[in-house]
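The block underneath contains the structure these notes are about, expressed in structure tokens.
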Amino acid sequence: MIRLCHVNITSIKKHKDELLARFSDYDVISINETNLEKDVKFSLKGYNVYRNDRVGKSGGGVLIAVKENIKSQEKFNQTIDHNELIAISIETKSFGSLLVASLYVPPAAKINSNIFLDLYQANNDCIVMGDLNAALKQMGSRKTNTKGRQLQDIINEGYFSCIDDDNTTFERNSYEEKIDWILASQPLLSFISNYEVQPTLGLSSGHKPVT
């Protein structure tokens, strides 16, 4: 069994102690909005860390941390149309090679659907975790936004499906929305269980971890 976690933490360097206190039992951790500068060293105890840092502008950045006892290798590290992506291959007993991606789509950007196709073509046993800023009314959001329609188009292609319930993943003051997602390729769907939206870490970002 592989345990996965995704969280938008807004500056991982400041809050890695809180992250490890809650999620150090997880095998793979996806983090969006890391706010790490390219020349700044960063580590998580017990994990190998793979990063795609935003260059030339503050904010953003994605990271995947994989337990040191799991064989892993970086496969994608790129930013396309402001979509920030890091993806790694891990070796599992059940599936062999599994591709796991962390994707951040900023509020002003469009979802680049080619990223999903590229990931699927690289390995059709694939999981994508991330803050897509995509809201779908039929999956727990107050309304469907533009990126929600783009996400629906990706789902309609038939390669990926959402692994979720209708719980919101972001809350700040009286505003709640579902914008963080875990998507899996069709071959994996029947093997995925225990999806949960966790309580917030108590940080200013307002995002709830998804596991």
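Identifiers in the structure tokens: chain A, B, ... in order shown; residue index from 1 per chain; ligand index from 1 in order shown.
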Problem set entry | Non-local contacts of Asp164 of chain A (8 Å; only C-alpha atoms; under 6 positions in same chain excluded) as a list in words | Trp181, Ile182, Tyr195 and Glu196 of chain A
Let's have the selection written as a compact mmCIF listing (two decimals), in the first residue's frame, with N, CA and C atoms.
```
# COMPACT_ATOMS: atom_id res chain seq x y z
N TRP A 181 -7.22 18.78 -6.01
CA TRP A 181 -7.72 17.55 -6.62
C TRP A 181 -6.68 16.44 -6.60
N ILE A 182 -7.18 15.21 -6.56
CA ILE A 182 -6.38 14.03 -6.89
C ILE A 182 -7.08 13.35 -8.07
N TYR A 195 -9.92 7.83 0.34
CA TYR A 195 -9.75 9.25 0.03
C TYR A 195 -10.35 10.09 1.16
N GLU A 196 -9.60 11.11 1.61
CA GLU A 196 -10.09 11.97 2.68
C GLU A 196 -9.60 13.40 2.47
```
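Those residues that approach segment 110-124 of chain A to within 7 Å, counting only C-alpha atoms, are Asp81, Asn83, Leu99, Val105, Ala108, Cys126, Lys147, Gln150, Ile154 and Ser185 of chain A; same-chain residues fewer than 2 positions away are not listed.
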Same residues, C-alpha atoms, output as a compact mmCIF listing (two decimals), in the first residue's frame:
```
# COMPACT_ATOMS: atom_id res chain seq x y z
CA ASP A 81 1.78 28.14 -19.75
CA ASN A 83 1.35 25.32 -15.12
CA LEU A 99 3.98 7.90 -12.09
CA VAL A 105 -2.20 25.98 -11.83
CA ALA A 108 -4.78 33.55 -13.68
CA CYS A 126 -0.54 7.71 -13.16
CA LYS A 147 -10.81 26.02 -15.12
CA GLN A 150 -11.28 22.75 -18.60
CA ILE A 154 -9.88 16.47 -19.44
CA SER A 185 -5.69 7.20 -14.67
```
For this session: One decimal, Å: what's the distance from atom CA of Pro106 of chain A over to atom CA of Tyr47 of chain A, could you say?
Result: 26.4 Å
Exercise. Contacts of Val40 of chain A at 12 Å or less, counting only C-alpha atoms, minus same-chain residues fewer than 5 places along, as a ChimeraX atom specification?
Worked result: /A:13,34-35,51,53
Distance query Lys45 of chain A at most 12 Å, only C-alpha atoms, self and fewer than 6 positions along chain excluded, as an mmCIF file with all heavy atoms, in the first residue's frame:
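Full text of result37.cif as output:
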```cif
data_model
loop_
_atom_site.group_PDB
_atom_site.id
_atom_site.type_symbol
_atom_site.label_atom_id
_atom_site.label_comp_id
_atom_site.auth_asym_id
_atom_site.auth_seq_id
_atom_site.Cartn_x
_atom_site.Cartn_y
_atom_site.Cartn_z
ATOM 1 N N LYS A 16 7.577 23.378 7.553
ATOM 2 C CA LYS A 16 7.840 21.946 7.365
ATOM 3 C C LYS A 16 7.672 21.152 8.655
ATOM 4 O O LYS A 16 7.336 19.972 8.608
ATOM 5 C CB LYS A 16 9.229 21.721 6.754
ATOM 6 C CG LYS A 16 10.408 21.957 7.662
ATOM 7 C CD LYS A 16 11.698 21.569 6.927
ATOM 8 C CE LYS A 16 12.916 21.698 7.800
ATOM 9 N NZ LYS A 16 14.149 21.280 7.088
ATOM 10 N N ASP A 17 7.875 21.791 9.816
ATOM 11 C CA ASP A 17 7.688 21.070 11.082
ATOM 12 C C ASP A 17 6.223 20.674 11.259
ATOM 13 O O ASP A 17 5.920 19.552 11.682
ATOM 14 C CB ASP A 17 8.142 21.930 12.260
ATOM 15 C CG ASP A 17 9.655 22.106 12.304
ATOM 16 O OD1 ASP A 17 10.367 21.292 11.676
ATOM 17 O OD2 ASP A 17 10.115 23.056 12.958
ATOM 18 N N LEU A 19 4.093 20.227 8.840
ATOM 19 C CA LEU A 19 3.814 19.208 7.832
ATOM 20 C C LEU A 19 4.261 17.828 8.310
ATOM 21 O O LEU A 19 3.504 16.857 8.248
ATOM 22 C CB LEU A 19 4.522 19.561 6.527
ATOM 23 C CG LEU A 19 4.302 18.576 5.384
ATOM 24 C CD1 LEU A 19 2.966 18.826 4.711
ATOM 25 C CD2 LEU A 19 5.429 18.657 4.372
ATOM 26 N N LEU A 20 5.497 17.727 8.791
ATOM 27 C CA LEU A 20 6.011 16.433 9.228
ATOM 28 C C LEU A 20 5.282 15.918 10.461
ATOM 29 O O LEU A 20 5.111 14.705 10.617
ATOM 30 C CB LEU A 20 7.515 16.541 9.504
ATOM 31 C CG LEU A 20 8.399 16.655 8.262
ATOM 32 C CD1 LEU A 20 9.850 16.920 8.655
ATOM 33 C CD2 LEU A 20 8.317 15.393 7.410
ATOM 34 N N ALA A 21 4.837 16.809 11.333
ATOM 35 C CA ALA A 21 4.106 16.381 12.517
ATOM 36 C C ALA A 21 2.803 15.681 12.143
ATOM 37 O O ALA A 21 2.367 14.743 12.811
ATOM 38 C CB ALA A 21 3.822 17.582 13.420
ATOM 39 N N PHE A 23 2.037 14.479 8.750
ATOM 40 C CA PHE A 23 2.013 13.589 7.590
ATOM 41 C C PHE A 23 3.303 12.782 7.380
ATOM 42 O O PHE A 23 3.518 12.272 6.280
ATOM 43 C CB PHE A 23 1.701 14.406 6.334
ATOM 44 C CG PHE A 23 0.366 15.089 6.389
ATOM 45 C CD1 PHE A 23 0.278 16.460 6.469
ATOM 46 C CD2 PHE A 23 -0.800 14.342 6.407
ATOM 47 C CE1 PHE A 23 -0.957 17.086 6.540
ATOM 48 C CE2 PHE A 23 -2.041 14.957 6.475
ATOM 49 C CZ PHE A 23 -2.121 16.338 6.547
ATOM 50 N N SER A 24 4.108 12.615 8.402
ATOM 51 C CA SER A 24 5.358 11.873 8.224
ATOM 52 C C SER A 24 5.134 10.375 7.992
ATOM 53 O O SER A 24 6.062 9.660 7.609
ATOM 54 C CB SER A 24 6.280 12.074 9.435
ATOM 55 O OG SER A 24 5.660 11.606 10.621
ATOM 56 N N ASP A 25 3.907 9.886 8.200
ATOM 57 C CA ASP A 25 3.602 8.482 7.918
ATOM 58 C C ASP A 25 3.287 8.248 6.442
ATOM 59 O O ASP A 25 3.162 7.096 6.013
ATOM 60 C CB ASP A 25 2.408 8.004 8.750
ATOM 61 C CG ASP A 25 2.747 7.854 10.226
ATOM 62 O OD1 ASP A 25 3.951 7.734 10.538
ATOM 63 O OD2 ASP A 25 1.831 7.865 11.056
ATOM 64 N N ALA A 65 7.883 14.893 -2.242
ATOM 65 C CA ALA A 65 8.791 14.225 -1.308
ATOM 66 C C ALA A 65 8.415 12.746 -1.245
ATOM 67 O O ALA A 65 7.241 12.406 -1.092
ATOM 68 C CB ALA A 65 8.697 14.860 0.070
ATOM 69 N N VAL A 66 9.416 11.876 -1.377
ATOM 70 C CA VAL A 66 9.196 10.426 -1.410
ATOM 71 C C VAL A 66 10.043 9.778 -0.316
ATOM 72 O O VAL A 66 11.231 10.104 -0.169
ATOM 73 C CB VAL A 66 9.588 9.828 -2.778
ATOM 74 C CG1 VAL A 66 9.215 8.354 -2.834
ATOM 75 C CG2 VAL A 66 8.930 10.591 -3.909
ATOM 76 N N LYS A 67 9.440 8.884 0.448
ATOM 77 C CA LYS A 67 10.178 8.186 1.496
ATOM 78 C C LYS A 67 11.472 7.588 0.947
ATOM 79 O O LYS A 67 11.497 7.046 -0.163
ATOM 80 C CB LYS A 67 9.323 7.060 2.084
ATOM 81 C CG LYS A 67 8.240 7.525 3.045
ATOM 82 C CD LYS A 67 8.799 7.875 4.413
ATOM 83 C CE LYS A 67 7.693 8.069 5.436
ATOM 84 N NZ LYS A 67 8.223 8.439 6.764
ATOM 85 N N GLU A 68 12.536 7.679 1.728
ATOM 86 C CA GLU A 68 13.857 7.250 1.274
ATOM 87 C C GLU A 68 13.924 5.763 0.961
ATOM 88 O O GLU A 68 14.759 5.327 0.162
ATOM 89 C CB GLU A 68 14.907 7.615 2.322
ATOM 90 C CG GLU A 68 15.145 9.116 2.455
ATOM 91 C CD GLU A 68 16.124 9.469 3.556
ATOM 92 O OE1 GLU A 68 16.351 8.586 4.442
ATOM 93 O OE2 GLU A 68 16.646 10.595 3.574
#
```
Exercise. Distance atom CA of Ile31 of chain A-atom CA of Ala87 of chain A, one decimal place?
Worked result: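 According to the coordinates, atom CA of Ile31 of chain A and atom CA of Ala87 of chain A are separated by 11.8 Å.
Of the listed residues A:Asn145, A:Ser102, A:Asn32, A:Gln78, the one whose atoms come nearest to Ser11 of chain A is A:Asn32, with distances taken using only C-alpha atoms.
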Exercise. With only C-alpha atoms as the basis for distance, which of A:Asn69, A:Asn52, A:Thr168, A:Ser161 is at the shortest distance from Arg142 of chain A?
Worked result: A:Thr168
Exercise. Please, what distance in Å, to one decimal, runs between atom CA of Lys208 of chain A and atom CA of Arg22 of chain A?
Worked result: 12.3 Å
Exercise. Pick from A:Glu177, A:Pro199, A:Asp125, A:Ile2: nearest to Lys137 of chain A, with only C-alpha atoms counted?
Worked result: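 Residue with the minimum atom-to-atom distance to Lys137 of chain A: A:Glu177.
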All alpha helix (DSSP H) residues (DSSP, backbone) inside segment 91-142 of chain A, as an mmCIF file with C-alpha atoms, in the first residue's frame:
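Okay, this is what ended up in states_16.cif:
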```cif
data_model
loop_
_atom_site.group_PDB
_atom_site.id
_atom_site.type_symbol
_atom_site.label_atom_id
_atom_site.label_comp_id
_atom_site.auth_asym_id
_atom_site.auth_seq_id
_atom_site.Cartn_x
_atom_site.Cartn_y
_atom_site.Cartn_z
ATOM 1 C CA SER A 113 -4.498 19.705 -21.028
ATOM 2 C CA ASN A 114 -1.431 18.470 -22.904
ATOM 3 C CA ILE A 115 0.297 17.957 -19.570
ATOM 4 C CA PHE A 116 -2.208 15.235 -18.658
ATOM 5 C CA LEU A 117 -1.802 13.525 -22.018
ATOM 6 C CA ASP A 118 2.003 13.636 -21.728
ATOM 7 C CA LEU A 119 1.851 12.098 -18.259
ATOM 8 C CA TYR A 120 -0.521 9.355 -19.371
ATOM 9 C CA GLN A 121 1.589 8.543 -22.423
ATOM 10 C CA ALA A 122 4.683 8.306 -20.209
#
```
Problem set entry | Pick from A:Gly202, A:Thr144, A:Asn167, A:Ile70, whichever lies nearest to Tyr26 of chain A using only C-alpha atoms |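 Ranking A:Gly202, A:Thr144, A:Asn167, A:Ile70 by distance to Tyr26 of chain A, first place goes to A:Ile70.
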For this session: Measuring atom to atom with only C-alpha atoms, identify which of A:Ile90, A:Val55, A:Ile80, A:Ile9 is nearest to Ser204 of chain A.
Result: A:Ile9
